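Text of upload_6.cif, listed as mmCIF, C-alpha atoms and all ligand atoms:
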data_target
loop_
_atom_site.label_atom_id
_atom_site.label_comp_id
_atom_site.auth_asym_id
_atom_site.auth_seq_id
_atom_site.Cartn_x
_atom_site.Cartn_y
_atom_site.Cartn_z
CA MET P 1 -63.72 -34.55 -30.66
CA GLY P 2 -61.55 -31.72 -29.31
CA MET P 3 -62.47 -29.39 -26.50
CA LYS P 4 -64.55 -26.36 -27.17
CA ARG P 5 -62.87 -23.01 -27.08
CA ALA P 6 -64.45 -22.07 -23.72
CA GLU P 7 -63.38 -25.35 -22.16
CA ARG P 8 -59.80 -24.86 -23.31
CA LEU P 9 -59.81 -21.35 -21.89
CA ALA P 10 -61.17 -22.60 -18.55
CA LEU P 11 -58.49 -25.29 -18.44
CA ALA P 12 -55.80 -22.70 -19.14
CA VAL P 13 -57.09 -20.53 -16.29
CA VAL P 14 -57.15 -23.48 -13.87
CA LEU P 15 -53.62 -24.48 -14.89
CA ALA P 16 -52.38 -20.92 -14.48
CA ILE P 17 -53.79 -20.84 -10.94
CA LEU P 18 -52.44 -24.29 -10.05
CA VAL P 19 -48.93 -23.49 -11.28
CA GLY P 20 -48.81 -19.74 -10.80
CA VAL P 21 -49.98 -19.41 -7.20
CA PRO P 22 -47.48 -21.86 -5.65
CA ALA P 23 -44.70 -20.36 -7.80
CA ALA P 24 -45.58 -16.86 -6.61
CA VAL P 25 -45.74 -17.96 -2.96
CA PHE P 26 -42.46 -19.83 -3.29
CA SER P 27 -40.59 -16.90 -4.88
CA TYR P 28 -42.03 -14.53 -2.28
CA GLN P 29 -40.74 -16.77 0.51
CA ALA P 30 -37.35 -17.11 -1.19
CA LEU P 31 -37.11 -13.31 -1.39
CA ARG P 32 -38.16 -12.81 2.19
CA ASN P 33 -35.87 -15.47 3.62
CA GLY P 34 -32.84 -14.35 1.64
CA PRO P 35 -29.97 -16.51 0.47
CA ALA P 36 -28.82 -17.60 3.95
CA SER P 37 -32.00 -19.49 4.89
CA SER P 38 -32.71 -20.85 1.43
CA GLY P 39 -29.37 -22.61 1.80
CA GLU P 40 -27.39 -21.44 -1.18
CA ILE P 41 -24.99 -18.51 -1.28
CA PHE P 42 -23.66 -17.24 -4.57
CA LEU P 43 -19.97 -16.40 -4.39
CA VAL P 44 -18.04 -14.79 -7.21
CA ALA P 45 -14.25 -15.18 -7.53
CA ARG P 46 -12.31 -12.51 -9.38
CA THR P 47 -8.63 -11.71 -9.31
CA VAL P 48 -7.75 -9.18 -6.61
CA GLU P 49 -6.96 -6.75 -9.42
CA HIS P 50 -10.64 -7.01 -10.41
CA GLY P 51 -12.22 -6.96 -6.97
CA GLY P 52 -11.50 -10.30 -5.30
CA TRP P 53 -14.24 -12.34 -3.63
CA SER P 54 -17.77 -11.08 -3.78
CA PRO P 55 -19.00 -11.16 -1.09
CA ALA P 56 -15.66 -11.18 0.78
CA ARG P 57 -17.49 -11.75 4.06
CA ILE P 58 -20.07 -14.49 4.41
CA VAL P 59 -22.15 -14.64 7.58
CA VAL P 60 -23.97 -17.84 8.58
CA LYS P 61 -25.40 -19.36 11.76
CA GLN P 62 -23.70 -22.13 13.66
CA GLY P 63 -25.21 -25.49 12.74
CA GLN P 64 -26.35 -24.26 9.35
CA THR P 65 -25.71 -26.35 6.28
CA VAL P 66 -23.93 -23.95 3.97
CA ARG P 67 -24.10 -24.41 0.23
CA LEU P 68 -21.84 -22.17 -1.82
CA ARG P 69 -22.19 -21.81 -5.56
CA ILE P 70 -18.85 -20.40 -6.67
CA LEU P 71 -18.36 -18.69 -10.02
CA ALA P 72 -14.84 -18.14 -11.37
CA GLU P 73 -15.56 -15.02 -13.33
CA ASP P 74 -12.38 -13.80 -14.96
CA VAL P 75 -9.82 -16.61 -14.86
CA THR P 76 -9.57 -20.09 -13.34
CA HIS P 77 -9.84 -19.91 -9.55
CA GLY P 78 -10.06 -22.32 -6.65
CA PHE P 79 -11.80 -22.29 -3.30
CA GLN P 80 -10.41 -23.56 -0.04
CA LEU P 81 -11.91 -23.37 3.44
CA LEU P 82 -9.47 -25.46 5.42
CA HIS P 83 -11.18 -25.24 8.82
CA PHE P 84 -14.15 -27.13 7.40
CA GLY P 85 -12.17 -29.42 5.13
CA VAL P 86 -13.51 -27.81 1.96
CA ASN P 87 -11.45 -27.70 -1.22
CA ALA P 88 -13.28 -27.16 -4.50
CA GLY P 89 -10.19 -27.66 -6.65
CA ALA P 90 -9.88 -25.70 -9.89
CA ILE P 91 -12.96 -23.85 -11.11
CA LYS P 92 -12.50 -23.04 -14.77
CA THR P 93 -13.13 -19.56 -16.18
CA GLY P 94 -16.84 -18.86 -16.46
CA SER P 95 -17.90 -22.03 -14.69
CA THR P 96 -19.31 -22.70 -11.23
CA LYS P 97 -18.81 -25.33 -8.58
CA VAL P 98 -20.99 -26.07 -5.59
CA VAL P 99 -19.56 -26.98 -2.20
CA GLU P 100 -21.52 -27.85 0.91
CA PHE P 101 -20.50 -28.13 4.53
CA THR P 102 -21.97 -27.76 8.00
CA ALA P 103 -20.85 -24.70 9.92
CA ASP P 104 -20.50 -26.62 13.17
CA ARG P 105 -18.11 -24.19 14.87
CA ALA P 106 -18.57 -20.52 15.65
CA GLY P 107 -15.86 -18.03 14.79
CA GLU P 108 -14.19 -16.33 11.86
CA PHE P 109 -12.49 -18.49 9.27
CA PRO P 110 -10.51 -17.40 6.22
CA PHE P 111 -11.19 -18.82 2.78
CA TYR P 112 -8.73 -18.66 -0.06
CA CYS P 113 -8.26 -19.20 -3.74
CA SER P 114 -6.31 -22.43 -4.22
CA VAL P 115 -5.19 -21.86 -7.82
CA ARG P 116 -2.43 -19.47 -8.85
CA CYS P 117 -4.75 -17.08 -10.68
CA SER P 118 -2.80 -13.83 -10.86
CA PRO P 119 0.22 -12.02 -9.39
CA LEU P 120 -1.88 -11.08 -6.35
CA HIS P 121 -3.25 -14.60 -5.92
CA MET P 122 -2.10 -14.80 -2.28
CA ALA P 123 -4.21 -11.74 -1.46
CA LEU P 124 -7.42 -13.36 -2.70
CA MET P 125 -8.90 -14.04 0.72
CA GLY P 126 -12.33 -13.85 2.26
CA THR P 127 -13.85 -14.50 5.66
CA LEU P 128 -16.57 -16.89 6.75
CA VAL P 129 -18.27 -15.67 9.91
CA VAL P 130 -20.16 -18.34 11.84
CA GLU P 131 -22.41 -16.75 14.44
CA PRO P 132 -23.22 -18.80 17.57
CU CU P 201 -5.84 -17.56 -7.00
#
Once you've parsed the file, please lay out its structure as structure tokens.
Amino acid sequence: MGMKRAERLALAVVLAILVGVPAAVFSYQALRNGPASSGEIFLVARTVEHGGWSPARIVVKQGQTVRLRILAEDVTHGFQLLHFGVNAGAIKTGSTKVVEFTADRAGEFPFYCSVRCSPLHMALMGTLVVEP
């Protein structure tokens, strides 16, 4: 014997509340906290000719575990943050790589593209700002 129509409807309503309310609360918190606290920062690499790093300046707090999801948008790029021993290697066109490190020192640190991506490759630089 299957459930009656009313019972199925009641079950659907209960499920919607059980799943929907936590999802709504979670997305609200994610919006309010922003990308820095939720732990992942989305970073887009483009050739300098097409805008360079976006954002070109990343601000985090000292002690924070920083997770960068890097998209190589137009051609193959790399990502290098030498002061924290981070080297993502080649990131193929249209793909992403995730790197993670702990920002254990305060200061301003340059990050670079590590793959010869274009004539202005050497100018593809950004800055990581670690606030004390
Ligand atoms: Cu490059």
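Pocket residues of ligand CU 201 (chain P), taken as those with any atom at most 10 Å away using all atoms listed in the file, are P:Ala45, P:Arg46, P:Thr47, P:Val48, P:Gly52, P:Val75, P:Thr76, P:His77, P:Gly78, P:Phe79, P:Ala90, P:Tyr112, P:Cys113, P:Ser114, P:Val115, P:Arg116, P:Cys117, P:Ser118, P:Pro119, P:Leu120, P:His121, P:Met122, P:Ala123, P:Leu124, P:Met125.
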I want to know what sits within 12 Å of segment 98-101 of chain P, based on all atoms listed in the file, with residues of the same chain fewer than 2 positions away left out; could you give that as a PyMOL selection string? chain P and resi 39-44+60+62-72+78-91+95-96+103-105
Based on the selection just made, write C-alpha atoms of those residues as a PDB file, keeping the file's coordinate frame.
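Here's the written file selection26.pdb:
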ATOM      1  CA  GLY P  39     -29.370 -22.610   1.800  1.00  0.00           C
ATOM      2  CA  GLU P  40     -27.390 -21.440  -1.180  1.00  0.00           C
ATOM      3  CA  ILE P  41     -24.990 -18.510  -1.280  1.00  0.00           C
ATOM      4  CA  PHE P  42     -23.660 -17.240  -4.570  1.00  0.00           C
ATOM      5  CA  LEU P  43     -19.970 -16.400  -4.390  1.00  0.00           C
ATOM      6  CA  VAL P  44     -18.040 -14.790  -7.210  1.00  0.00           C
ATOM      7  CA  VAL P  60     -23.970 -17.840   8.580  1.00  0.00           C
ATOM      8  CA  GLN P  62     -23.700 -22.130  13.660  1.00  0.00           C
ATOM      9  CA  GLY P  63     -25.210 -25.490  12.740  1.00  0.00           C
ATOM     10  CA  GLN P  64     -26.350 -24.260   9.350  1.00  0.00           C
ATOM     11  CA  THR P  65     -25.710 -26.350   6.280  1.00  0.00           C
ATOM     12  CA  VAL P  66     -23.930 -23.950   3.970  1.00  0.00           C
ATOM     13  CA  ARG P  67     -24.100 -24.410   0.230  1.00  0.00           C
ATOM     14  CA  LEU P  68     -21.840 -22.170  -1.820  1.00  0.00           C
ATOM     15  CA  ARG P  69     -22.190 -21.810  -5.560  1.00  0.00           C
ATOM     16  CA  ILE P  70     -18.850 -20.400  -6.670  1.00  0.00           C
ATOM     17  CA  LEU P  71     -18.360 -18.690 -10.020  1.00  0.00           C
ATOM     18  CA  ALA P  72     -14.840 -18.140 -11.370  1.00  0.00           C
ATOM     19  CA  GLY P  78     -10.060 -22.320  -6.650  1.00  0.00           C
ATOM     20  CA  PHE P  79     -11.800 -22.290  -3.300  1.00  0.00           C
ATOM     21  CA  GLN P  80     -10.410 -23.560  -0.040  1.00  0.00           C
ATOM     22  CA  LEU P  81     -11.910 -23.370   3.440  1.00  0.00           C
ATOM     23  CA  LEU P  82      -9.470 -25.460   5.420  1.00  0.00           C
ATOM     24  CA  HIS P  83     -11.180 -25.240   8.820  1.00  0.00           C
ATOM     25  CA  PHE P  84     -14.150 -27.130   7.400  1.00  0.00           C
ATOM     26  CA  GLY P  85     -12.170 -29.420   5.130  1.00  0.00           C
ATOM     27  CA  VAL P  86     -13.510 -27.810   1.960  1.00  0.00           C
ATOM     28  CA  ASN P  87     -11.450 -27.700  -1.220  1.00  0.00           C
ATOM     29  CA  ALA P  88     -13.280 -27.160  -4.500  1.00  0.00           C
ATOM     30  CA  GLY P  89     -10.190 -27.660  -6.650  1.00  0.00           C
ATOM     31  CA  ALA P  90      -9.880 -25.700  -9.890  1.00  0.00           C
ATOM     32  CA  ILE P  91     -12.960 -23.850 -11.110  1.00  0.00           C
ATOM     33  CA  SER P  95     -17.900 -22.030 -14.690  1.00  0.00           C
ATOM     34  CA  THR P  96     -19.310 -22.700 -11.230  1.00  0.00           C
ATOM     35  CA  ALA P 103     -20.850 -24.700   9.920  1.00  0.00           C
ATOM     36  CA  ASP P 104     -20.500 -26.620  13.170  1.00  0.00           C
ATOM     37  CA  ARG P 105     -18.110 -24.190  14.870  1.00  0.00           C
TER      38      ARG P 105
END
Atom CA of Glu131 of chain P to atom CA of Glu108 of chain P: how many Å, to one decimal? 8.6 Å
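We find atom CA of Pro110 of chain P and atom CA of Val129 of chain P to be spaced 8.8 Å apart.
What separates atom CA of Lys92 of chain P from atom CA of Val130 of chain P is a distance of 28.1 Å.
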Find the axis-aligned box for segment 77-89 of chain P, covering all its listed atoms and adding 5 Å on each side, and write its centre and edge lengths in Å to one decimal as AutoDock Vina command-line options.
--center_x -11.8 --center_y -24.7 --center_z -0.4 --size_x 14.7 --size_y 19.5 --size_z 28.4
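The nearest approach to Glu73 of chain P among the residues P:Arg57, P:Arg5, P:Ala106, P:Gly51, with all atoms listed in the file taken into account, belongs to P:Gly51.
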